[in-house]
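Listing of protein-v1.txt; format and content: compact mmCIF, C-alpha atoms.
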# COMPACT_ATOMS: atom_id res chain seq x y z
CA MET A 69 -28.69 -41.14 100.35
CA HIS A 70 -25.17 -40.10 101.27
CA ILE A 71 -24.67 -36.34 101.32
CA THR A 72 -21.06 -35.19 101.25
CA ASP A 73 -19.61 -31.89 102.49
CA SER A 74 -19.16 -30.88 98.88
CA ASP A 75 -22.89 -31.49 98.30
CA LYS A 76 -23.69 -29.24 101.25
CA ARG A 77 -21.38 -26.56 99.90
CA SER A 78 -23.03 -26.80 96.50
CA PHE A 79 -26.46 -26.54 98.12
CA ARG A 80 -25.47 -23.39 100.00
CA GLU A 81 -23.92 -21.89 96.87
CA GLY A 82 -27.06 -22.68 94.88
CA PHE A 83 -29.25 -21.20 97.59
CA ARG A 84 -27.23 -17.97 97.52
CA ASP A 85 -27.44 -17.73 93.71
CA GLY A 86 -31.15 -18.54 93.98
CA ILE A 87 -31.90 -15.45 96.09
CA PRO A 88 -31.95 -12.90 93.24
CA ILE A 89 -33.88 -15.45 91.17
CA GLY A 90 -36.45 -15.89 93.94
CA LEU A 91 -36.90 -12.14 94.35
CA GLY A 92 -37.40 -11.68 90.64
CA TYR A 93 -39.77 -14.66 90.56
CA PHE A 94 -41.85 -13.22 93.37
CA ALA A 95 -42.55 -10.05 91.40
CA VAL A 96 -43.34 -11.88 88.16
CA ALA A 97 -45.43 -14.51 89.95
CA PHE A 98 -47.43 -11.76 91.60
CA ALA A 99 -48.49 -10.56 88.15
CA LEU A 100 -49.20 -14.16 87.15
CA GLY A 101 -51.39 -14.50 90.24
CA VAL A 102 -53.47 -11.55 89.11
CA ALA A 103 -54.09 -13.39 85.83
CA ALA A 104 -54.82 -16.67 87.66
CA ARG A 105 -57.36 -14.93 89.87
CA SER A 106 -59.23 -13.62 86.85
CA VAL A 107 -59.75 -17.16 85.47
CA GLY A 108 -61.00 -18.47 88.81
CA LEU A 109 -58.05 -20.12 90.55
CA ASN A 110 -58.02 -19.92 94.35
CA PRO A 111 -54.72 -19.20 96.17
CA LEU A 112 -54.07 -22.89 96.93
CA GLN A 113 -54.60 -23.89 93.30
CA GLY A 114 -52.28 -21.06 92.23
CA PHE A 115 -49.64 -22.21 94.70
CA ILE A 116 -49.83 -25.82 93.53
CA ALA A 117 -49.85 -24.91 89.83
CA SER A 118 -46.74 -22.76 90.34
CA ILE A 119 -44.72 -25.13 92.51
CA THR A 120 -45.38 -28.03 90.12
CA CYS A 121 -45.09 -26.23 86.76
CA LEU A 122 -42.46 -23.55 87.47
CA ALA A 123 -43.06 -21.88 84.13
CA SER A 124 -43.92 -18.25 83.57
CA ALA A 125 -45.00 -18.13 79.93
CA GLY A 126 -46.24 -21.73 80.04
CA GLN A 127 -48.44 -21.11 83.06
CA TYR A 128 -49.72 -17.82 81.73
CA ALA A 129 -50.73 -19.55 78.49
CA GLY A 130 -52.28 -22.40 80.47
CA PHE A 131 -54.32 -20.03 82.63
CA THR A 132 -55.61 -18.36 79.50
CA VAL A 133 -56.89 -21.73 78.28
CA ILE A 134 -58.54 -22.40 81.66
CA GLY A 135 -60.29 -19.04 81.28
CA THR A 136 -61.84 -20.08 77.98
CA GLY A 137 -62.94 -23.49 79.31
CA ALA A 138 -61.34 -25.20 76.28
CA PRO A 139 -60.97 -28.99 75.98
CA TYR A 140 -58.21 -30.57 78.08
CA ILE A 141 -56.14 -31.46 75.01
CA GLU A 142 -55.78 -27.76 74.31
CA ILE A 143 -54.02 -27.04 77.60
CA ALA A 144 -51.68 -29.98 76.94
CA VAL A 145 -50.74 -28.61 73.50
CA ILE A 146 -50.30 -25.02 74.63
CA THR A 147 -48.16 -26.11 77.59
CA LEU A 148 -46.01 -28.16 75.22
CA VAL A 149 -45.52 -25.28 72.80
CA ALA A 150 -44.88 -22.63 75.45
CA ASN A 151 -42.35 -24.85 77.28
CA ALA A 152 -40.66 -26.55 74.32
CA ARG A 153 -37.43 -24.59 74.90
CA TYR A 154 -36.94 -26.65 78.06
CA LEU A 155 -36.28 -29.65 75.79
CA LEU A 156 -33.13 -27.89 74.59
CA MET A 157 -32.11 -26.88 78.11
CA SER A 158 -32.72 -30.37 79.45
CA THR A 159 -30.59 -31.79 76.63
CA ALA A 160 -27.77 -29.38 77.49
CA LEU A 161 -28.11 -30.37 81.16
CA SER A 162 -27.93 -34.07 80.28
CA GLN A 163 -24.33 -33.32 79.27
CA LYS A 164 -23.63 -30.97 82.16
CA ILE A 165 -24.90 -33.02 85.11
CA ASP A 166 -22.28 -35.03 86.99
CA PRO A 167 -22.34 -38.39 85.12
CA GLU A 168 -21.72 -40.23 88.41
CA ARG A 169 -25.17 -39.24 89.66
CA GLY A 170 -28.05 -41.65 89.15
CA MET A 171 -31.51 -41.40 87.67
CA LYS A 172 -33.00 -40.02 90.89
CA HIS A 173 -30.90 -36.87 90.59
CA ARG A 174 -31.68 -36.52 86.90
CA LEU A 175 -35.37 -36.56 87.79
CA GLY A 176 -34.69 -34.06 90.58
CA VAL A 177 -32.75 -31.62 88.42
CA ALA A 178 -35.47 -31.90 85.73
CA TRP A 179 -38.01 -30.41 88.14
CA PHE A 180 -36.06 -27.15 88.30
CA VAL A 181 -35.37 -26.63 84.58
CA THR A 182 -36.34 -22.96 84.28
CA ASP A 183 -34.74 -20.19 82.24
CA GLU A 184 -33.09 -18.67 85.29
CA ILE A 185 -31.95 -21.79 87.12
CA PHE A 186 -30.63 -23.18 83.83
CA ALA A 187 -28.65 -19.97 83.41
CA ILE A 188 -26.86 -20.30 86.75
CA GLU A 189 -26.35 -24.05 86.28
CA MET A 190 -24.53 -23.53 83.00
CA ARG A 191 -22.34 -20.92 84.71
CA GLN A 192 -21.00 -23.58 87.08
CA LYS A 193 -17.45 -24.69 86.40
CA GLY A 194 -17.19 -28.33 85.37
CA ALA A 195 -19.90 -30.92 85.99
CA LEU A 196 -23.14 -29.87 87.69
CA ASN A 197 -23.67 -31.06 91.26
CA PRO A 198 -27.46 -31.66 91.56
CA PHE A 199 -27.37 -30.16 95.06
CA TYR A 200 -26.51 -26.81 93.50
CA THR A 201 -29.82 -27.03 91.63
CA TYR A 202 -31.71 -28.08 94.77
CA GLY A 203 -30.23 -25.14 96.69
CA ALA A 204 -31.36 -22.67 94.04
CA GLY A 205 -34.79 -24.33 93.78
CA ALA A 206 -35.22 -24.41 97.58
CA PHE A 207 -35.52 -20.64 97.62
CA ALA A 208 -36.69 -19.78 94.11
CA ALA A 209 -39.54 -22.30 93.72
CA PRO A 210 -41.39 -21.41 96.97
CA MET A 211 -41.01 -17.72 96.12
CA TRP A 212 -42.55 -18.37 92.72
CA ALA A 213 -45.46 -20.28 94.26
CA ALA A 214 -45.95 -17.81 97.13
CA GLY A 215 -45.89 -14.89 94.70
CA THR A 216 -48.63 -16.53 92.64
CA ALA A 217 -50.80 -17.26 95.71
CA ILE A 218 -50.35 -13.75 97.11
CA GLY A 219 -51.08 -12.27 93.69
CA ILE A 220 -54.36 -14.17 93.66
CA MET A 221 -55.20 -12.95 97.16
CA ALA A 222 -54.02 -9.36 96.89
CA GLY A 223 -54.84 -8.52 93.28
CA ASN A 224 -53.32 -5.26 92.20
CA LEU A 225 -51.99 -3.91 95.50
CA MET A 226 -48.26 -3.88 94.81
CA PRO A 227 -47.01 -0.46 93.57
CA VAL A 228 -46.40 -0.45 89.82
CA ARG A 229 -42.97 1.15 90.30
CA ILE A 230 -41.78 -1.74 92.43
CA VAL A 231 -43.13 -4.39 90.07
CA SER A 232 -41.51 -2.59 87.13
CA ALA A 233 -38.12 -2.43 88.91
CA LEU A 234 -38.16 -6.04 90.10
CA SER A 235 -39.19 -7.34 86.69
CA VAL A 236 -35.72 -6.58 85.28
CA ALA A 237 -33.90 -8.59 87.98
CA LEU A 238 -34.22 -11.74 85.88
CA PHE A 239 -32.79 -10.03 82.79
CA GLY A 240 -29.91 -8.70 84.88
CA MET A 241 -29.11 -12.27 85.85
CA PHE A 242 -29.12 -13.40 82.24
CA LEU A 243 -26.62 -10.63 81.44
CA ALA A 244 -24.40 -11.73 84.32
CA VAL A 245 -24.31 -15.19 82.72
CA ILE A 246 -23.69 -14.31 79.06
CA ILE A 247 -21.54 -11.16 79.24
CA PRO A 248 -18.40 -12.39 81.09
CA PRO A 249 -17.79 -15.27 78.59
CA ALA A 250 -18.53 -12.82 75.75
CA ARG A 251 -15.69 -10.66 77.01
CA GLU A 252 -13.31 -13.62 76.89
CA ASP A 253 -14.45 -15.12 73.59
CA LYS A 254 -15.05 -13.06 70.44
CA ILE A 255 -17.27 -15.76 68.94
CA ILE A 256 -19.64 -15.64 71.91
CA LEU A 257 -19.55 -11.85 71.83
CA GLY A 258 -20.59 -11.91 68.17
CA LEU A 259 -23.22 -14.57 68.82
CA VAL A 260 -24.77 -12.64 71.71
CA SER A 261 -24.84 -9.42 69.65
CA ILE A 262 -26.43 -11.17 66.67
CA SER A 263 -28.95 -12.84 69.00
CA PHE A 264 -29.96 -9.46 70.45
CA GLY A 265 -30.38 -8.04 66.94
CA ALA A 266 -32.25 -11.02 65.52
CA SER A 267 -34.54 -11.17 68.53
CA TYR A 268 -35.34 -7.48 68.16
CA LEU A 269 -36.14 -7.92 64.45
CA PHE A 270 -38.37 -10.94 65.19
CA ALA A 271 -40.23 -8.93 67.80
CA ARG A 272 -40.77 -5.94 65.48
CA LEU A 273 -41.03 -7.01 61.83
CA PRO A 274 -44.47 -7.64 60.32
CA HIS A 275 -45.48 -11.34 60.26
CA LEU A 276 -42.44 -12.38 62.32
CA ARG A 277 -43.81 -10.49 65.31
CA GLU A 278 -46.92 -12.68 65.28
CA ILE A 279 -44.72 -15.54 66.48
CA SER A 280 -45.05 -16.04 70.23
CA SER A 281 -41.99 -15.33 72.33
CA GLY A 282 -41.62 -19.01 73.29
CA THR A 283 -41.54 -20.08 69.64
CA ARG A 284 -39.22 -17.19 68.76
CA ILE A 285 -36.73 -18.42 71.39
CA ILE A 286 -36.75 -21.94 69.93
CA ILE A 287 -36.43 -20.85 66.28
CA LEU A 288 -33.58 -18.43 66.95
CA THR A 289 -31.76 -20.80 69.30
CA VAL A 290 -31.81 -23.69 66.83
CA LEU A 291 -30.92 -21.41 63.92
CA LEU A 292 -28.16 -19.29 65.49
CA ALA A 293 -26.57 -21.95 67.71
CA GLY A 294 -26.69 -24.30 64.69
CA ILE A 295 -24.94 -21.80 62.41
CA ALA A 296 -22.35 -21.04 65.11
CA ALA A 297 -21.69 -24.75 65.65
CA PHE A 298 -21.25 -25.21 61.90
CA LEU A 299 -18.92 -22.24 61.40
CA PHE A 300 -17.03 -22.36 64.70
CA PRO A 301 -16.93 -25.94 66.01
CA HIS A 302 -16.28 -26.07 69.72
CA PRO A 303 -15.91 -29.75 70.60
CA GLN A 304 -15.65 -30.42 74.33
CA GLU A 305 -12.51 -32.08 75.59
CA ASP A 306 -13.39 -35.70 76.24
CA ALA A 307 -13.51 -36.49 79.93
CA SER A 308 -12.98 -40.22 79.48
CA MET B 277 -69.64 -29.21 80.35
CA GLU B 278 -68.00 -27.71 83.45
CA ARG B 279 -64.30 -28.57 83.40
CA SER B 280 -62.20 -29.04 86.51
CA ILE B 281 -59.47 -26.49 87.24
CA ASN B 282 -57.60 -29.14 89.22
CA LEU B 283 -57.50 -31.45 86.22
CA TYR B 284 -56.27 -28.60 84.01
CA ILE B 285 -53.45 -27.98 86.51
CA LEU B 286 -52.57 -31.68 86.62
CA ILE B 287 -52.26 -31.78 82.81
CA MET B 288 -50.11 -28.62 82.81
CA PHE B 289 -47.82 -30.24 85.37
CA ALA B 290 -47.59 -33.58 83.54
CA VAL B 291 -46.67 -31.93 80.23
CA SER B 292 -44.21 -29.41 81.75
CA TYR B 293 -42.42 -32.09 83.73
CA ALA B 294 -42.25 -34.59 80.85
CA ILE B 295 -40.58 -31.97 78.61
CA ARG B 296 -37.94 -31.34 81.28
CA ALA B 297 -37.36 -34.93 82.36
CA LEU B 298 -37.24 -36.77 79.03
CA PRO B 299 -33.94 -35.45 77.61
CA LEU B 300 -32.23 -35.55 81.03
CA THR B 301 -33.22 -39.15 81.66
CA LEU B 302 -33.05 -40.55 78.10
CA ILE B 303 -29.69 -39.04 77.11
CA ARG B 304 -27.51 -40.84 79.64
CA GLY B 305 -24.17 -40.90 77.88
CA ARG B 306 -21.89 -38.31 76.34
CA ILE B 307 -23.02 -36.90 73.05
CA ARG B 308 -20.10 -37.69 70.69
CA SER B 309 -20.96 -35.66 67.61
CA PRO B 310 -18.70 -32.57 67.50
CA PHE B 311 -21.49 -30.62 65.81
CA LEU B 312 -24.02 -31.44 68.54
CA GLN B 313 -21.44 -30.71 71.25
CA SER B 314 -20.75 -27.33 69.70
CA PHE B 315 -24.47 -26.68 69.21
CA LEU B 316 -25.23 -27.40 72.88
CA TYR B 317 -22.27 -25.25 73.90
CA TYR B 318 -23.77 -22.26 72.08
CA VAL B 319 -27.41 -22.89 73.07
CA PRO B 320 -27.43 -21.07 76.43
CA TYR B 321 -25.87 -17.89 75.03
CA VAL B 322 -28.40 -17.57 72.21
CA THR B 323 -31.38 -18.56 74.37
CA LEU B 324 -30.56 -16.15 77.18
CA ALA B 325 -29.72 -13.30 74.80
CA VAL B 326 -32.99 -13.78 72.89
CA MET B 327 -34.95 -13.89 76.14
CA THR B 328 -33.31 -10.71 77.44
CA PHE B 329 -33.76 -8.43 74.47
CA PRO B 330 -36.13 -6.83 73.58
CA ALA B 331 -38.12 -8.22 76.56
CA ILE B 332 -36.18 -6.03 79.01
CA ILE B 333 -37.43 -2.83 77.35
CA GLU B 334 -40.99 -4.18 77.22
CA SER B 335 -41.24 -5.17 80.89
CA THR B 336 -40.63 -1.72 82.35
CA GLN B 337 -43.01 1.23 82.40
CA THR B 338 -41.01 3.05 79.73
CA PRO B 339 -38.65 1.46 77.18
CA LEU B 340 -35.91 3.98 78.10
CA SER B 341 -35.62 2.75 81.70
CA GLY B 342 -35.32 -0.82 80.42
CA LEU B 343 -32.66 0.25 77.94
CA LEU B 344 -30.70 2.00 80.70
CA ALA B 345 -30.94 -1.15 82.84
CA LEU B 346 -29.67 -3.20 79.89
CA ALA B 347 -26.69 -0.89 79.36
CA ALA B 348 -25.89 -0.80 83.09
CA GLY B 349 -26.21 -4.57 83.38
CA ILE B 350 -23.92 -5.22 80.40
CA ALA B 351 -21.31 -2.78 81.74
CA ALA B 352 -21.42 -4.21 85.27
CA ALA B 353 -21.19 -7.82 84.06
CA TRP B 354 -18.38 -6.89 81.66
CA PHE B 355 -16.33 -5.49 84.54
CA GLY B 356 -16.86 -8.53 86.71
CA ALA B 357 -19.84 -7.74 88.98
CA SER B 358 -21.51 -10.79 90.55
CA LEU B 359 -24.88 -12.21 89.53
CA PHE B 360 -26.59 -10.60 92.51
CA GLN B 361 -24.88 -7.24 91.94
CA VAL B 362 -25.86 -7.12 88.27
CA ALA B 363 -29.48 -8.07 89.03
CA SER B 364 -29.74 -5.49 91.84
CA LEU B 365 -28.12 -2.76 89.77
CA CYS B 366 -30.65 -3.30 86.96
CA CYS B 367 -33.53 -2.96 89.46
CA VAL B 368 -32.08 0.21 90.99
CA VAL B 369 -31.49 1.77 87.57
CA VAL B 370 -35.14 1.18 86.62
CA LEU B 371 -36.45 2.47 89.96
CA VAL B 372 -34.33 5.65 89.86
CA SER B 373 -34.76 6.38 86.16
CA GLU B 374 -38.54 5.93 86.36
CA PHE B 375 -38.67 8.32 89.32
CA ILE B 376 -36.95 10.93 87.15
CA LEU B 377 -38.70 10.14 83.85
CA LEU B 378 -42.29 9.60 85.03

When written as C-alpha cells, how does the structure in this file appear?
Amino acid sequence: MHITDSDKRSFREGFRDGIPIGLGYFAVAFALGVAARSVGLNPLQGFIASITCLASAGQYAGFTVIGTGAPYIEIAVITLVANARYLLMSTALSQKIDPERGMKHRLGVAWFVTDEIFAIEMRQKGALNPFYTYGAGAFAAPMWAAGTAIGIMAGNLMPVRIVSALSVALFGMFLAVIIPPAREDKIILGLVSISFGASYLFARLPHLREISSGTRIIILTVLLAGIAAFLFPHPQEDAS
Amino acid sequence: MERSINLYILIMFAVSYAIRALPLTLIRGRIRSPFLQSFLYYVPYVTLAVMTFPAIIESTQTPLSGLLALAAGIAAAWFGASLFQVASLCCVVVLVSEFILL
C-alpha cells in the first residue's frame, strides 16, 4: 500500500480530532464496563467486545441480553435495532469517501462508523481521506476498549463528578459539528432547532417516550431529513 | 443450556460490522437522485441534534448543569471555537456548575 504525505497529514489530523472523542469514550466505556461486569464478562472479553463492536447503546443492549441468557438470535436482533442508524451514516459515507479509494478502504472506514467519528468525518472539507478515519480510530477505539476493560476491573471507583463532567464531552463535539454550518445556513439552523424540539417531545410525551433512543434517532432522522430534502432540495454539485 | 459469552460477542460483532460495511461497500457510485442527495446532506445535522438533546441534560447529575453545558457549547461553537475547545468547555461547565449546585 502506498501512503502519501497527504495521507500522513490526514492521519495526524484525524488523531488530533480523535483525542476529545477518546477521552469522552473512556468515561462512557467505564460505565459500560460496570454493566458488562454485572453480566459476567471478564476484562479481556470486555476489551474485545468493545474494540470489535464500537457501539455504546448497541453494546449496552447486547450485554443486557447476555445477562438474561436469551437465545443467540435475540442478541443479533437487538444489535441490529440498536445500531440501525449506522446504516444511514454508512450510506452518507459511501458518498463522502474519496471515490478513488478501493474496497479495502471502504471496509476499513466501515469499522469506525460511530456517532462521533461520523460527526468529524462529515465536517471534513471535500472527499474523505480514509487515513483521517484511521487516525481518529487509532486513539478513540483503544480508549473505548480500555475504558470498558478498566470499568470491568475497577467497578465503581471513578468519582461521579468526573464521570458526569466527561459524559458531556461527546455532546460538545456534536455541537461543534452542527452549530457552525447552522450559523451560515438558515435552513440548517431551522432543521437543528426543530430536531432539538422534536427529540425533546419524543423523549417526554406519553407513548412516544417508550421508543428507545436508537429507534427515535432513526425515525426523526428519516422524517426530518426527508421533509427538509423535499422542501429545500440541496443537490450536490456533480464532481464528474 | 449454558450459552457462551464469547459466541454472544462474536454475533454482536458480526451484526454491528455488517450494518456499517454493507452500504459503504454496496453503494460504490454517486447517488444521482437530487432528493436522496439532499436527504443525505441533511442526515448528519438531524441525527447529531437528536442525539445531543435531551440526552445532554439526562447524562449529568442535574439537568441544569447539562443545560448550561448545552448553552455554553452552542455559544462557543457559534463564535468559532474548535471541536476540542467546545468539548472541553462543556466538561468544565458541568464540573464547575455541579460543584456550586450540589

Segment 331-346 of chain B surroundings by all atoms listed in the file, 8 Å radius, close-in-sequence under 4 positions cut, as a list in words: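 The contact residues come out as Arg229, Ser232, Ala233, Ser235, Val236, Phe239 and Gly240 of chain A; Met327, Ile350, Leu365, Cys366, Cys367, Val369, Val370, Ser373 and Glu374 of chain B.
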
Hey, what's within 12 Å of segment 134-137 of chain A if we count only C-alpha atoms and toss same-chain stuff fewer than 2 positions away? As number ranges by chain, please? A: 103-109, 127-132, 139-144, 146-147; B: 277-285, 287-288

What lies within 12 Å of Gln192 of chain A using only C-alpha atoms, ignoring chain neighbours under 6 positions off, as an MDAnalysis selection string? chainID A and resid 78 81:82 85 161 164:166 185:186 198 200:201 245

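Separating atom CA of Phe94 of chain A from atom CA of Ala138 of chain A is a distance of 28.6 Å.
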
Which residue, A:Leu273, A:Leu122, A:Leu299, A:Val102, has the smallest gap to Gly205 of chain A when you use all atoms listed in the file?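 Result for the nearest residue to Gly205 of chain A: A:Leu122.
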
Near Thr159 of chain A, within 10 Å and counting all atoms listed in the file, which residues show up once chain neighbours fewer than 4 positions away are dropped, as a PDB file with C-alpha atoms, in the coordinates of the input?
ATOM      1  CA  TYR A 154     -36.940 -26.650  78.060  1.00  0.00           C
ATOM      2  CA  LEU A 155     -36.280 -29.650  75.790  1.00  0.00           C
ATOM      3  CA  GLN A 163     -24.330 -33.320  79.270  1.00  0.00           C
ATOM      4  CA  LYS A 164     -23.630 -30.970  82.160  1.00  0.00           C
TER       5      LYS A 164
ATOM      6  CA  ARG B 296     -37.940 -31.340  81.280  1.00  0.00           C
ATOM      7  CA  ALA B 297     -37.360 -34.930  82.360  1.00  0.00           C
ATOM      8  CA  LEU B 298     -37.240 -36.770  79.030  1.00  0.00           C
ATOM      9  CA  PRO B 299     -33.940 -35.450  77.610  1.00  0.00           C
ATOM     10  CA  LEU B 300     -32.230 -35.550  81.030  1.00  0.00           C
ATOM     11  CA  THR B 301     -33.220 -39.150  81.660  1.00  0.00           C
ATOM     12  CA  LEU B 302     -33.050 -40.550  78.100  1.00  0.00           C
ATOM     13  CA  ILE B 303     -29.690 -39.040  77.110  1.00  0.00           C
ATOM     14  CA  ILE B 307     -23.020 -36.900  73.050  1.00  0.00           C
ATOM     15  CA  LEU B 316     -25.230 -27.400  72.880  1.00  0.00           C
TER      16      LEU B 316
END

For chain A, the closest of B:Leu377, B:Ala294, B:Ala348, B:Val362 counting only C-alpha atoms is B:Val362

Phe289 of chain B: which residues within 8 Å, counting all atoms listed in the file, same-chain residues fewer than 5 positions away excluded, as an mmCIF file with C-alpha atoms, in the coordinates of the input?
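Final output, saved to selection19.cif:
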data_model
loop_
_atom_site.group_PDB
_atom_site.id
_atom_site.type_symbol
_atom_site.label_atom_id
_atom_site.label_comp_id
_atom_site.auth_asym_id
_atom_site.auth_seq_id
_atom_site.Cartn_x
_atom_site.Cartn_y
_atom_site.Cartn_z
ATOM 1 C CA ALA A 117 -49.850 -24.910 89.830
ATOM 2 C CA THR A 120 -45.380 -28.030 90.120
ATOM 3 C CA CYS A 121 -45.090 -26.230 86.760
#

Would you work out the distance separating atom CA of Ala325 of chain B from atom CA of Ser261 of chain A, expressed in Å to one decimal? 8.1 Å
